[in-house]
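**Student:** Input file: run-v8.txt. Contents: compact mmCIF, C-alpha atoms and all ligand atoms.
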```
# COMPACT_ATOMS: atom_id res chain seq x y z
CA MET A 793 15.90 0.67 17.46
CA GLN A 794 13.16 1.98 15.30
CA VAL A 795 14.56 -0.02 12.45
CA HIS A 796 14.20 -3.24 14.42
CA LYS A 797 10.69 -2.40 15.40
CA PHE A 798 9.56 -1.79 11.87
CA ARG A 799 11.49 -4.67 10.47
CA PHE A 800 9.20 -6.72 12.62
CA LEU A 801 6.15 -4.79 11.52
CA GLY A 802 7.24 -5.21 7.95
CA ARG A 803 6.61 -8.90 8.24
CA LEU A 804 3.02 -8.58 9.33
CA TRP A 805 0.56 -8.82 6.51
CA LEU A 806 -0.75 -5.31 6.87
CA SER A 807 2.65 -3.84 6.26
CA ILE A 808 1.94 -4.24 2.59
CA ILE A 809 -0.33 -1.27 2.83
CA LEU A 810 2.03 0.95 4.77
CA THR A 811 2.96 2.98 1.79
CA VAL A 812 0.94 4.62 -0.85
CA GLY A 813 1.25 6.47 -4.12
CA LEU A 814 -1.00 9.36 -3.36
CA PHE A 815 -3.16 10.95 -5.98
CA VAL A 816 -4.64 13.25 -3.35
CA THR A 817 -2.65 16.00 -1.76
CA SER A 818 -4.08 16.98 1.58
CA CYS A 819 -6.63 16.20 4.16
CA GLY A 820 -9.58 18.28 5.23
CA PRO A 821 -13.32 18.67 4.82
CA LYS A 822 -13.20 20.99 1.86
CA THR A 823 -14.55 19.32 -1.25
CA GLU A 824 -16.54 16.20 -0.51
CA ASN A 825 -19.98 16.03 0.91
CA LYS A 826 -21.41 13.21 -1.09
CA SER A 827 -22.41 10.96 1.76
CA LEU A 828 -22.57 10.73 5.49
CA SER A 829 -19.62 8.39 5.39
CA VAL A 830 -17.41 10.94 3.67
CA SER A 831 -18.28 13.82 5.96
CA ASN A 832 -18.07 11.63 9.08
CA ALA A 833 -14.66 10.42 8.09
CA LEU A 834 -13.37 13.90 7.37
CA GLN A 835 -14.78 15.06 10.70
CA LEU A 836 -12.92 12.26 12.46
CA CYS A 837 -9.79 13.25 10.60
CA GLN A 838 -10.04 16.82 11.91
CA ASN A 839 -10.49 15.68 15.51
CA ASP A 840 -7.70 14.36 17.64
CA SER A 841 -7.30 10.62 17.75
CA SER A 842 -10.03 8.78 19.67
CA PRO A 843 -9.27 8.18 23.38
CA ILE A 844 -9.13 4.44 22.82
CA PHE A 845 -6.56 4.79 20.04
CA GLU A 846 -4.56 7.18 22.22
CA SER A 847 -4.47 4.57 24.99
CA LEU A 848 -3.37 2.04 22.39
CA ASP A 849 -0.53 4.38 21.36
CA GLN A 850 0.56 4.58 24.98
CA LEU A 851 0.48 0.80 25.36
CA PHE A 852 2.55 0.52 22.20
CA LEU A 853 5.14 2.94 23.61
CA ASN A 854 5.27 0.99 26.88
CA HIS A 855 6.16 -2.17 25.00
CA GLN A 856 8.79 -0.92 22.55
CA GLN A 857 11.43 -3.10 24.14
CA GLY A 858 9.21 -6.19 24.00
CA LEU A 859 8.46 -5.52 20.36
CA ASN A 860 12.16 -5.21 19.65
CA TRP A 861 12.80 -8.57 21.27
CA LEU A 862 10.03 -10.12 19.28
CA SER A 863 11.39 -8.74 16.03
CA ARG A 864 14.31 -11.12 16.42
CA LEU A 865 12.17 -14.11 17.12
CA THR A 866 9.43 -14.16 14.54
CA PHE A 867 8.92 -14.46 10.85
CA GLU A 868 5.71 -14.62 8.87
CA THR A 869 5.42 -15.20 5.16
CA PRO A 870 2.69 -13.37 3.28
CA LYS A 871 -0.28 -15.27 1.91
CA ARG A 872 -0.29 -15.80 -1.82
CA GLN A 873 -3.80 -15.53 -3.17
CA TYR A 874 -6.41 -12.98 -4.13
CA GLN A 875 -7.96 -11.81 -0.90
CA VAL A 876 -10.14 -8.97 0.22
CA ARG A 877 -9.05 -7.56 3.55
CA TYR A 878 -11.22 -5.31 5.66
CA LEU A 879 -10.35 -2.45 7.95
CA SER A 880 -13.13 -0.95 10.05
CA ARG A 881 -13.07 1.55 12.90
CA ALA A 882 -15.71 -0.37 14.88
CA GLN A 883 -13.69 -3.56 14.73
CA LEU A 884 -10.39 -1.87 15.60
CA GLU A 885 -11.94 -0.11 18.58
CA THR A 886 -13.31 -3.40 19.88
CA GLN A 887 -9.94 -5.10 19.45
CA ALA A 888 -8.14 -2.16 21.08
CA SER A 889 -10.40 -2.18 24.13
CA LEU A 890 -9.88 -5.93 24.58
CA LEU A 891 -6.12 -5.51 24.38
CA LEU A 892 -6.17 -2.56 26.77
CA ARG A 893 -7.98 -4.71 29.34
CA GLY A 894 -5.61 -7.63 28.77
CA GLU A 895 -2.36 -8.71 30.40
CA LEU A 896 -0.10 -6.32 28.53
CA SER A 897 -1.52 -3.32 30.36
CA SER A 898 -0.08 -4.56 33.67
CA GLN A 899 3.01 -6.39 32.45
CA SER A 900 6.45 -5.33 31.34
CA THR A 901 8.01 -6.99 28.30
CA ALA A 902 11.42 -5.37 28.65
CA GLN A 903 13.05 -8.78 29.16
CA ILE A 904 13.25 -11.32 26.37
CA ASP A 905 11.54 -14.11 28.34
CA GLN A 906 8.56 -11.84 29.02
CA ALA A 907 8.45 -10.70 25.41
CA PHE A 908 8.33 -14.36 24.41
CA LYS A 909 5.65 -15.13 26.99
CA TYR A 910 3.41 -12.32 25.70
CA LYS A 911 4.33 -12.68 22.05
CA GLU A 912 0.76 -13.17 20.85
CA GLU A 913 -0.41 -10.01 22.64
CA LEU A 914 2.59 -8.06 21.36
CA ARG A 915 1.85 -9.21 17.84
CA LYS A 916 -1.72 -8.05 18.21
CA LEU A 917 -0.55 -4.72 19.60
CA ALA A 918 1.87 -4.09 16.74
CA LYS A 919 -0.72 -5.01 14.16
CA LEU A 920 -3.43 -2.90 15.78
CA LYS A 921 -1.17 0.09 16.02
CA GLU A 922 -0.36 -0.19 12.35
CA GLN A 923 -4.00 -0.69 11.42
CA THR A 924 -5.23 2.30 13.44
CA GLU A 925 -2.64 4.55 11.80
CA ARG A 926 -3.71 3.33 8.41
CA LEU A 927 -7.39 3.79 9.25
CA GLU A 928 -6.84 7.38 10.34
CA PHE A 929 -4.94 8.10 7.15
CA LEU A 930 -7.68 6.56 5.00
CA GLU A 931 -10.38 8.54 6.80
CA CYS A 932 -8.46 11.73 6.09
CA HIS A 933 -8.65 10.97 2.38
CA MET A 934 -12.14 9.57 2.47
CA GLY A 935 -13.34 11.48 -0.60
CA ASN A 936 -10.79 9.69 -2.72
CA TYR A 937 -11.39 6.24 -1.24
CA TYR A 938 -15.15 6.71 -1.46
CA ARG A 939 -14.88 7.34 -5.20
CA LEU A 940 -12.59 4.34 -5.65
CA GLY A 941 -15.20 2.22 -3.86
CA LYS A 942 -17.35 2.49 -6.97
CA ILE A 943 -14.95 0.29 -8.90
CA PRO A 944 -16.21 -3.29 -8.36
CA PHE A 945 -12.89 -4.93 -7.57
CA LYS A 946 -14.61 -7.12 -4.99
CA SER A 947 -16.76 -8.67 -7.71
CA TYR A 948 -13.72 -9.02 -9.93
CA VAL A 949 -11.89 -10.96 -7.21
CA ASP A 950 -14.95 -13.14 -6.64
CA LEU A 951 -15.09 -13.98 -10.33
CA LYS A 952 -11.34 -14.66 -10.49
CA ASN A 953 -11.67 -16.93 -7.46
CA GLY A 954 -14.36 -18.94 -9.21
CA ASN A 955 -17.55 -17.45 -7.72
CA THR A 956 -19.22 -16.88 -11.03
CA HIS A 957 -22.43 -15.00 -10.26
CA LEU A 958 -24.38 -13.13 -12.85
CA GLU A 959 -24.63 -10.07 -10.63
CA HIS A 960 -20.83 -9.83 -10.42
CA VAL A 961 -20.60 -9.87 -14.19
CA VAL A 962 -23.28 -7.19 -14.44
CA GLU A 963 -21.37 -5.08 -11.93
CA LEU A 964 -18.18 -5.33 -13.96
CA CYS A 965 -20.10 -4.54 -17.12
CA SER A 966 -21.83 -1.55 -15.49
CA VAL A 967 -18.61 0.38 -14.97
CA LEU A 968 -17.80 -0.10 -18.65
CA ARG A 969 -21.26 0.37 -20.21
CA ASN A 970 -24.56 1.53 -18.78
CA LYS A 971 -26.35 -0.79 -16.39
CA PRO A 972 -29.61 -1.25 -18.38
CA SER A 973 -27.71 -2.53 -21.42
CA CYS A 974 -25.67 -4.86 -19.17
CA LEU A 975 -28.87 -6.24 -17.66
CA ALA A 976 -30.36 -6.62 -21.11
CA GLU A 977 -27.31 -8.53 -22.31
CA SER A 978 -27.37 -10.78 -19.25
CA ARG A 979 -31.06 -11.63 -19.82
CA LEU A 980 -30.38 -12.69 -23.36
CA ILE A 981 -27.52 -15.07 -22.65
CA ARG A 982 -27.72 -18.79 -21.95
CA GLY A 983 -25.31 -21.53 -20.81
CA ALA A 984 -21.98 -21.31 -22.58
CA ASP A 985 -22.71 -17.71 -23.54
CA PHE A 986 -22.62 -16.83 -19.87
CA ASN A 987 -19.00 -17.94 -19.68
CA SER A 988 -18.05 -15.92 -22.71
CA MET A 989 -19.84 -12.86 -21.30
CA THR A 990 -17.95 -13.37 -18.02
CA GLU A 991 -14.63 -13.66 -19.81
CA LYS A 992 -15.36 -10.68 -22.00
CA TYR A 993 -16.06 -8.35 -19.07
CA ILE A 994 -13.22 -9.70 -16.93
CA LYS A 995 -10.87 -8.89 -19.80
CA LYS A 996 -12.33 -5.43 -20.41
CA PHE A 997 -12.29 -4.69 -16.67
CA GLU A 998 -8.65 -5.75 -16.44
CA GLN A 999 -7.70 -3.56 -19.40
CA LYS A 1000 -9.30 -0.53 -17.84
CA PHE A 1001 -8.74 -0.94 -14.10
CA LEU A 1002 -6.03 -3.52 -13.50
CA ASP A 1003 -3.43 -3.27 -16.26
CA PRO A 1004 -2.72 0.46 -15.67
CA ARG A 1005 -1.62 -0.41 -12.14
CA PHE A 1006 1.33 -2.30 -13.57
CA LYS A 1007 2.33 0.33 -16.10
CA LEU A 1008 4.71 3.25 -15.83
CA THR A 1009 2.61 6.41 -15.94
CA SER A 1010 5.15 8.84 -17.37
CA ARG A 1011 8.85 9.57 -17.18
CA LEU A 1012 10.10 12.10 -14.68
CA GLU A 1013 12.27 14.93 -15.97
CA GLY A 1014 15.69 15.18 -14.38
CA ILE A 1015 16.46 11.46 -14.50
CA GLU A 1016 19.27 10.79 -16.90
CA CYS A 1017 19.84 7.50 -18.76
CA LYS A 1018 23.41 6.50 -19.61
CA LYS A 1019 24.78 3.63 -21.66
CA THR A 1020 27.41 1.61 -19.82
CA THR A 1021 29.39 -1.49 -20.70
CA GLU A 1022 26.89 -3.48 -18.63
CA GLY A 1023 23.76 -2.00 -20.19
CA LYS A 1024 21.67 1.02 -19.21
CA LYS A 1025 21.93 3.13 -16.11
CA LEU A 1026 19.46 5.65 -14.71
CA ILE A 1027 20.87 8.40 -12.55
CA LEU A 1028 18.59 9.77 -9.88
CA PRO A 1029 19.70 12.87 -7.91
CA VAL A 1030 18.48 12.70 -4.31
CA SER A 1031 18.77 15.10 -1.38
CA GLY A 1032 18.52 14.11 2.27
CA THR A 1033 20.60 13.27 5.31
CA GLU A 1034 23.69 11.16 4.85
CA GLN A 1035 21.85 8.23 6.39
CA ASP A 1036 18.92 8.65 4.00
CA ILE A 1037 21.23 8.78 0.99
CA ILE A 1038 22.88 5.53 2.09
CA ALA A 1039 19.44 3.95 2.57
CA ALA A 1040 18.42 5.20 -0.89
CA GLN A 1041 21.56 3.73 -2.42
CA THR A 1042 20.73 0.38 -0.84
CA ALA A 1043 17.15 0.75 -2.06
CA ALA A 1044 18.41 1.33 -5.60
CA GLN A 1045 19.65 -2.27 -5.65
CA TRP A 1046 16.02 -3.42 -6.01
CA TRP A 1047 15.90 -1.37 -9.21
CA SER A 1048 19.11 -2.81 -10.59
CA SER A 1049 19.34 -6.15 -12.37
CA LYS A 1050 22.29 -7.90 -13.98
CA THR A 1051 19.97 -10.11 -16.01
CA GLU A 1052 18.10 -7.09 -17.33
CA LYS A 1053 21.37 -5.18 -17.81
CA PHE A 1054 19.88 -2.29 -15.92
CA GLN A 1055 21.09 -0.18 -13.03
CA LEU A 1056 19.74 2.65 -10.92
CA GLU A 1057 22.33 4.94 -9.40
CA ILE A 1058 21.57 7.39 -6.61
CA VAL A 1059 23.67 10.52 -6.48
CA SER A 1060 23.58 12.94 -3.59
CA SER A 1061 22.59 16.39 -4.84
CA ASN A 1062 21.55 19.74 -3.41
CA SER A 1063 19.95 20.85 -6.63
CA SER A 1064 16.35 22.06 -6.36
CA SER A 1065 15.32 19.37 -8.86
CA ALA A 1066 16.73 16.53 -6.71
CA ILE A 1067 14.22 14.15 -5.10
CA LYS A 1068 13.93 15.09 -1.44
CA ILE A 1069 13.75 12.42 1.23
CA GLN A 1070 11.62 13.77 4.04
CA HIS A 1071 10.49 12.37 7.37
CA ILE A 1072 6.88 12.99 8.34
CA ASP A 1073 5.47 12.86 11.88
CA GLU A 1074 2.54 10.61 11.17
CA GLY A 1075 0.81 8.54 8.53
CA PRO A 1076 2.17 6.07 6.02
CA SER A 1077 5.12 6.70 3.75
CA HIS A 1078 4.04 8.13 0.43
CA VAL A 1079 4.87 9.94 -2.75
CA ASN A 1080 2.54 12.50 -4.21
CA MET A 1081 2.03 11.16 -7.70
CA HIS A 1082 1.17 14.58 -9.11
CA ASP A 1083 4.61 16.08 -8.74
CA ARG A 1084 6.79 13.09 -7.68
CA ASN A 1085 9.49 15.32 -6.23
CA GLU A 1086 9.76 13.97 -2.68
CA ILE A 1087 9.66 10.73 -0.78
CA ASN A 1088 7.80 11.15 2.50
CA LEU A 1089 8.75 8.55 5.06
CA GLY A 1090 6.40 7.76 7.93
CA PRO A 1091 7.71 7.43 11.49
CA GLY A 1092 10.17 4.57 11.73
CA LEU A 1093 9.76 3.72 8.06
CA ALA A 1094 13.09 4.82 6.64
CA SER A 1095 14.16 1.30 5.69
CA PRO A 1096 15.68 0.64 2.25
CA LEU A 1097 12.79 -1.72 1.45
CA ILE A 1098 10.20 1.04 1.95
CA ILE A 1099 12.37 3.56 0.09
CA ALA A 1100 12.70 1.08 -2.80
CA HIS A 1101 8.91 0.92 -3.06
CA GLU A 1102 8.59 4.71 -2.92
CA MET A 1103 11.35 5.01 -5.49
CA GLY A 1104 9.11 3.01 -7.80
CA HIS A 1105 6.52 5.81 -7.49
CA ILE A 1106 9.19 8.43 -8.22
CA LEU A 1107 10.15 6.53 -11.37
CA GLY A 1108 6.48 6.45 -12.35
CA PHE A 1109 4.99 3.13 -11.24
CA PRO A 1110 1.69 3.12 -9.35
CA ASP A 1111 0.75 0.89 -6.43
CA CYS A 1112 -0.59 -2.43 -7.64
CA TYR A 1113 -3.02 -2.89 -4.81
CA PHE A 1114 -6.56 -1.64 -4.62
CA GLU A 1115 -7.83 0.17 -1.57
CA ALA A 1116 -11.25 1.74 -1.25
CA TRP A 1117 -14.24 2.45 0.94
CA ASP A 1118 -16.74 -0.41 0.85
CA LYS A 1119 -20.23 0.80 1.64
CA ASP A 1120 -21.65 -2.70 2.16
CA SER A 1121 -19.28 -3.62 4.97
CA GLU A 1122 -18.75 -0.02 6.17
CA SER A 1123 -15.04 -0.57 6.10
CA PHE A 1124 -12.02 0.04 3.94
CA ILE A 1125 -11.10 -2.86 1.71
CA TYR A 1126 -7.68 -3.78 0.48
CA ILE A 1127 -6.85 -6.15 -2.37
CA GLU A 1128 -3.37 -6.98 -3.54
CA LEU A 1129 -3.53 -7.19 -7.31
CA ASP A 1130 -0.59 -9.52 -7.79
CA PRO A 1131 -1.61 -12.63 -5.88
CA THR A 1132 1.89 -14.11 -6.06
CA GLY A 1133 3.00 -11.53 -3.49
CA SER A 1134 6.31 -11.04 -5.28
CA ASN A 1135 5.96 -7.57 -6.82
CA LEU A 1136 7.46 -4.82 -4.66
CA MET A 1137 4.95 -2.26 -5.92
CA CYS A 1138 2.06 -4.48 -4.73
CA ASN A 1139 3.46 -5.85 -1.52
CA ILE A 1140 6.32 -4.77 0.69
CA ASN A 1141 7.93 -7.89 1.98
CA GLY A 1142 11.54 -8.95 2.14
CA SER A 1143 11.24 -11.31 -0.83
CA ALA A 1144 9.36 -8.96 -3.17
CA LYS A 1145 11.21 -7.94 -6.33
CA ILE A 1146 10.85 -5.74 -9.36
CA PRO A 1147 9.33 -7.72 -12.26
CA SER A 1148 11.57 -7.93 -15.33
CA ASP A 1149 8.90 -6.23 -17.39
CA TYR A 1150 9.29 -3.09 -15.24
CA PHE A 1151 12.93 -2.75 -16.29
CA LYS A 1152 11.87 -2.94 -19.93
CA GLN A 1153 9.30 -0.22 -19.33
CA LEU A 1154 11.92 1.99 -17.66
CA GLU A 1155 14.32 1.54 -20.53
CA ALA A 1156 11.64 2.31 -23.12
CA SER A 1157 10.53 5.42 -21.24
CA TYR A 1158 13.83 6.89 -20.05
CA CYS A 1159 16.44 5.61 -22.50
CA ASP A 1160 14.88 5.40 -25.96
ZN ZN A 1201 3.00 2.82 -2.70
```
Would it be possible to restate this file's structure as structure tokens?
Ligand SMILES: [Zn+2]
**Tutor:**
Amino acid sequence: MQVHKFRFLGRLWLSIILTVGLFVTSCGPKTENKSLSVSNALQLCQNDSSPIFESLDQLFLNHQQGLNWLSRLTFETPKRQYQVRYLSRAQLETQASLLLRGELSSQSTAQIDQAFKYKEELRKLAKLKEQTERLEFLECHMGNYYRLGKIPFKSYVDLKNGNTHLEHVVELCSVLRNKPSCLAESRLIRGADFNSMTEKYIKKFEQKFLDPRFKLTSRLEGIECKKTTEGKKLILPVSGTEQDIIAAQTAAQWWSSKTEKFQLEIVSSNSSSAIKIQHIDEGPSHVNMHDRNEINLGPGLASPLIIAHEMGHILGFPDCYFEAWDKDSESFIYIELDPTGSNLMCNINGSAKIPSDYFKQLEASYCD
């Protein structure tokens, strides 16, 4: 049943941020005290969930059956453009309290006709539940997301979407050079020079902050590459329950391509060097990018699609979305860095794939 529920969730736009390649290891108020926002967030992380989010959890549990019904009725395609999405506690609490006062709180959706009748509310509930879980996870790692917030991806997206403001260009320049020299350069330029300055800093910004998100970081020891009659094959030893191994084997199909003459094979192994598939009680699925030795699957998120994304982290690919704390809006922002929506490492949706270039990178790293 869980699978149905999250297959439905997987089609909501926020599902694209359900998983994460973590460069931080744990949560707690130990290192960061750089701003009120950081310490507040870490404080919230230490506390139990807020009463309103707890009530939302309960409402979600009450409507599991309705959500299952709905999963068979709906389909949403992801949007395909550069977009900044916002996630704020204040907004989620307002939405949660509205929903808790709404019709769902007194209705059952255990029958399909009721699930259909309340489908809009159920959609909102599923989305809110997912968003609150994500928010709580982000708050727990606030130090990291606060630092990332200093990278001006918002300005980059504005420039890419045609909002060519001088201040955006200066912002991009300022993370590459010092701000006074960027301001000096901007004061000197005129007309056509402004376009070339814009292009120059967009390109430099992409080289430093965007391109690495599409590149394999390093090969992982213990993955063997074999030559076969059909091309190259990587062999990845995995440990987990029988069900998890089967899911991982299905997931490996995303990383196999006839056209690219490349295959990923999952073998069940009890060796200590095998990649462990683990189930965690809360939070999004993730791989710790420092050691890349286990795939942690969030509750109800053991689907092959999610595992295929996490497998990408194990192989060495980062997430190609940007997520950070945005001081201006006092919320977390999320930007998918491949606006086509078709790269599985940027966006988890049923139609996402592994770009052909990724297979070439794997071959160069693991087989040459
Ligand atoms: Zn990820």
**Student:** Check the smallest atom-to-atom distance from each of A:Arg1005, A:Phe1124, A:Glu1155, A:Glu1034 to ligand ZN 1201 (chain A) using only C-alpha atoms and all ligand atoms, then report the winner.
**Tutor:**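 Of A:Arg1005, A:Phe1124, A:Glu1155, A:Glu1034, the one nearest ligand ZN 1201 (chain A), counting only C-alpha atoms and all ligand atoms, is A:Arg1005.
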**Student:** Smallest atom-to-atom distance to Glu912 (chain A): which of A:Thr956, A:Gly858, A:Asp1073, A:Ile1015, using all atoms listed in the file?
**Tutor:**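 Using all atoms listed in the file, Glu912 (chain A) sits closest to A:Gly858.
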**Student:** May I have the protein, DNA and RNA residues with an atom at most 9 Å from (2.6, 0.8, -17.2), counting all atoms listed in the file in the file's coordinates, returned as a list in words?
**Tutor:**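 Returned residue set, sorted by chain then number, is Asp1003, Pro1004, Arg1005, Phe1006, Lys1007, Leu1008, Thr1009, Ser1010, Gly1108, Phe1109, Pro1110, Tyr1150 and Gln1153 of chain A.
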**Student:** Could you state the separation of CA of Ser1095 (chain A) and CA of Leu920 (chain A) in Å, given to one decimal place?
**Tutor:**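 Those two atoms sit 20.7 Å apart.
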**Student:** Tell me which of A:Ile943, A:Cys974, A:Met1081, A:Cys1159 sits closest to Leu958 (chain A), counting all atoms listed in the file.
**Tutor:**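 Of A:Ile943, A:Cys974, A:Met1081, A:Cys1159, the one nearest Leu958 (chain A), counting all atoms listed in the file, is A:Cys974.
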**Student:** Could you build a table of the residues in region 1026-1061 of chain A lying no more than 12 Å from region 1083-1093 of chain A, giving for each the nearest pair of atoms and their separation in Å rounded to one decimal place, using all atoms listed in the file, ordered by chain and ascending residue number, as JSON lines?
**Tutor:**
```
{"residue": "A:Leu1028", "atom": "CA", "partner": "A:Asn1085", "partner_atom": "CA", "distance": 11.3}
{"residue": "A:Pro1029", "atom": "CA", "partner": "A:Asn1085", "partner_atom": "CA", "distance": 10.6}
{"residue": "A:Val1030", "atom": "CA", "partner": "A:Glu1086", "partner_atom": "CA", "distance": 9.0}
{"residue": "A:Ser1031", "atom": "CA", "partner": "A:Glu1086", "partner_atom": "CA", "distance": 9.2}
{"residue": "A:Gly1032", "atom": "CA", "partner": "A:Ile1087", "partner_atom": "CA", "distance": 10.0}
{"residue": "A:Asp1036", "atom": "CA", "partner": "A:Leu1089", "partner_atom": "CA", "distance": 10.2}
{"residue": "A:Ile1037", "atom": "CA", "partner": "A:Ile1087", "partner_atom": "CA", "distance": 11.9}
{"residue": "A:Ala1039", "atom": "CA", "partner": "A:Leu1093", "partner_atom": "CA", "distance": 11.1}
{"residue": "A:Ala1040", "atom": "CA", "partner": "A:Ile1087", "partner_atom": "CA", "distance": 10.4}
```
**Student:** Any idea what the distance is between CA of Gln923 (chain A) and CA of Ser880 (chain A)?
**Tutor:**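 Separation of CA of Gln923 (chain A) and CA of Ser880 (chain A): 9.2 Å.
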**Student:** When you draw a straight line from CA of Gln1041 (chain A) to CA of His1082 (chain A), how long is it in Å?
**Tutor:**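 Answer for the CA of Gln1041 (chain A) to CA of His1082 (chain A) separation: 24.0 Å.
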**Student:** Counting all atoms listed in the file, what is within 9 Å of Glu1016 (chain A), bar same-chain residues fewer than 3 positions away, as a list in words?
**Tutor:**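 So the residues in contact are Glu1013, Lys1025, Leu1026, Ile1027, Leu1028, Tyr1158 and Cys1159 of chain A.
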**Student:** Using all atoms listed in the file, which residues have at least one atom no more than 12 Å from ligand ZN 1201 (chain A)? Output them as an mmCIF file with C-alpha atoms, keeping the file's coordinate frame.
**Tutor:**
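part_31.cif, freshly written:
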```cif
data_model
loop_
_atom_site.group_PDB
_atom_site.id
_atom_site.type_symbol
_atom_site.label_atom_id
_atom_site.label_comp_id
_atom_site.auth_asym_id
_atom_site.auth_seq_id
_atom_site.Cartn_x
_atom_site.Cartn_y
_atom_site.Cartn_z
ATOM 1 C CA SER A 807 2.650 -3.840 6.260
ATOM 2 C CA ILE A 808 1.940 -4.240 2.590
ATOM 3 C CA ILE A 809 -0.330 -1.270 2.830
ATOM 4 C CA LEU A 810 2.030 0.950 4.770
ATOM 5 C CA THR A 811 2.960 2.980 1.790
ATOM 6 C CA VAL A 812 0.940 4.620 -0.850
ATOM 7 C CA GLY A 813 1.250 6.470 -4.120
ATOM 8 C CA LEU A 814 -1.000 9.360 -3.360
ATOM 9 C CA PHE A 815 -3.160 10.950 -5.980
ATOM 10 C CA ARG A 1005 -1.620 -0.410 -12.140
ATOM 11 C CA PRO A 1076 2.170 6.070 6.020
ATOM 12 C CA SER A 1077 5.120 6.700 3.750
ATOM 13 C CA HIS A 1078 4.040 8.130 0.430
ATOM 14 C CA VAL A 1079 4.870 9.940 -2.750
ATOM 15 C CA ASN A 1080 2.540 12.500 -4.210
ATOM 16 C CA MET A 1081 2.030 11.160 -7.700
ATOM 17 C CA ILE A 1087 9.660 10.730 -0.780
ATOM 18 C CA ASN A 1088 7.800 11.150 2.500
ATOM 19 C CA LEU A 1089 8.750 8.550 5.060
ATOM 20 C CA LEU A 1097 12.790 -1.720 1.450
ATOM 21 C CA ILE A 1098 10.200 1.040 1.950
ATOM 22 C CA ILE A 1099 12.370 3.560 0.090
ATOM 23 C CA ALA A 1100 12.700 1.080 -2.800
ATOM 24 C CA HIS A 1101 8.910 0.920 -3.060
ATOM 25 C CA GLU A 1102 8.590 4.710 -2.920
ATOM 26 C CA MET A 1103 11.350 5.010 -5.490
ATOM 27 C CA GLY A 1104 9.110 3.010 -7.800
ATOM 28 C CA HIS A 1105 6.520 5.810 -7.490
ATOM 29 C CA ILE A 1106 9.190 8.430 -8.220
ATOM 30 C CA LEU A 1107 10.150 6.530 -11.370
ATOM 31 C CA GLY A 1108 6.480 6.450 -12.350
ATOM 32 C CA PHE A 1109 4.990 3.130 -11.240
ATOM 33 C CA PRO A 1110 1.690 3.120 -9.350
ATOM 34 C CA ASP A 1111 0.750 0.890 -6.430
ATOM 35 C CA CYS A 1112 -0.590 -2.430 -7.640
ATOM 36 C CA TYR A 1113 -3.020 -2.890 -4.810
ATOM 37 C CA PHE A 1114 -6.560 -1.640 -4.620
ATOM 38 C CA GLU A 1115 -7.830 0.170 -1.570
ATOM 39 C CA GLU A 1128 -3.370 -6.980 -3.540
ATOM 40 C CA ASN A 1135 5.960 -7.570 -6.820
ATOM 41 C CA LEU A 1136 7.460 -4.820 -4.660
ATOM 42 C CA MET A 1137 4.950 -2.260 -5.920
ATOM 43 C CA CYS A 1138 2.060 -4.480 -4.730
ATOM 44 C CA ASN A 1139 3.460 -5.850 -1.520
ATOM 45 C CA ILE A 1140 6.320 -4.770 0.690
#
```
**Student:** Counting all atoms listed in the file, which residue out of A:Asn970, A:Thr1132, A:Ser847, A:Asn1141 sits closest to Tyr874 (chain A)?
**Tutor:**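 Selected residue with least distance to Tyr874 (chain A): A:Thr1132.
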**Student:** Pick out the closest residue to Leu890 (chain A) from this set: A:Glu913, A:Glu1022, A:Asp840, A:Glu1122. Count all atoms listed in the file.
**Tutor:**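 Nearest to Leu890 (chain A): A:Glu913.
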**Student:** Which of these residues is nearest to Gln906 (chain A), using all atoms listed in the file: A:Gln857, A:Thr1042, A:Asn936, A:Gln838?
**Tutor:**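 Closest residue, counting all atoms listed in the file: A:Gln857.
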**Student:** Find the spatial neighbours of Ala918 (chain A), counting all atoms listed in the file, within a cut-off of 8 Å - ignore same-chain residues fewer than 3 positions away - and output them as a list in words.
**Tutor:**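 The residues that qualify are Leu801, Phe852, Leu859, Leu914, Arg915, Lys921 and Glu922 of chain A.
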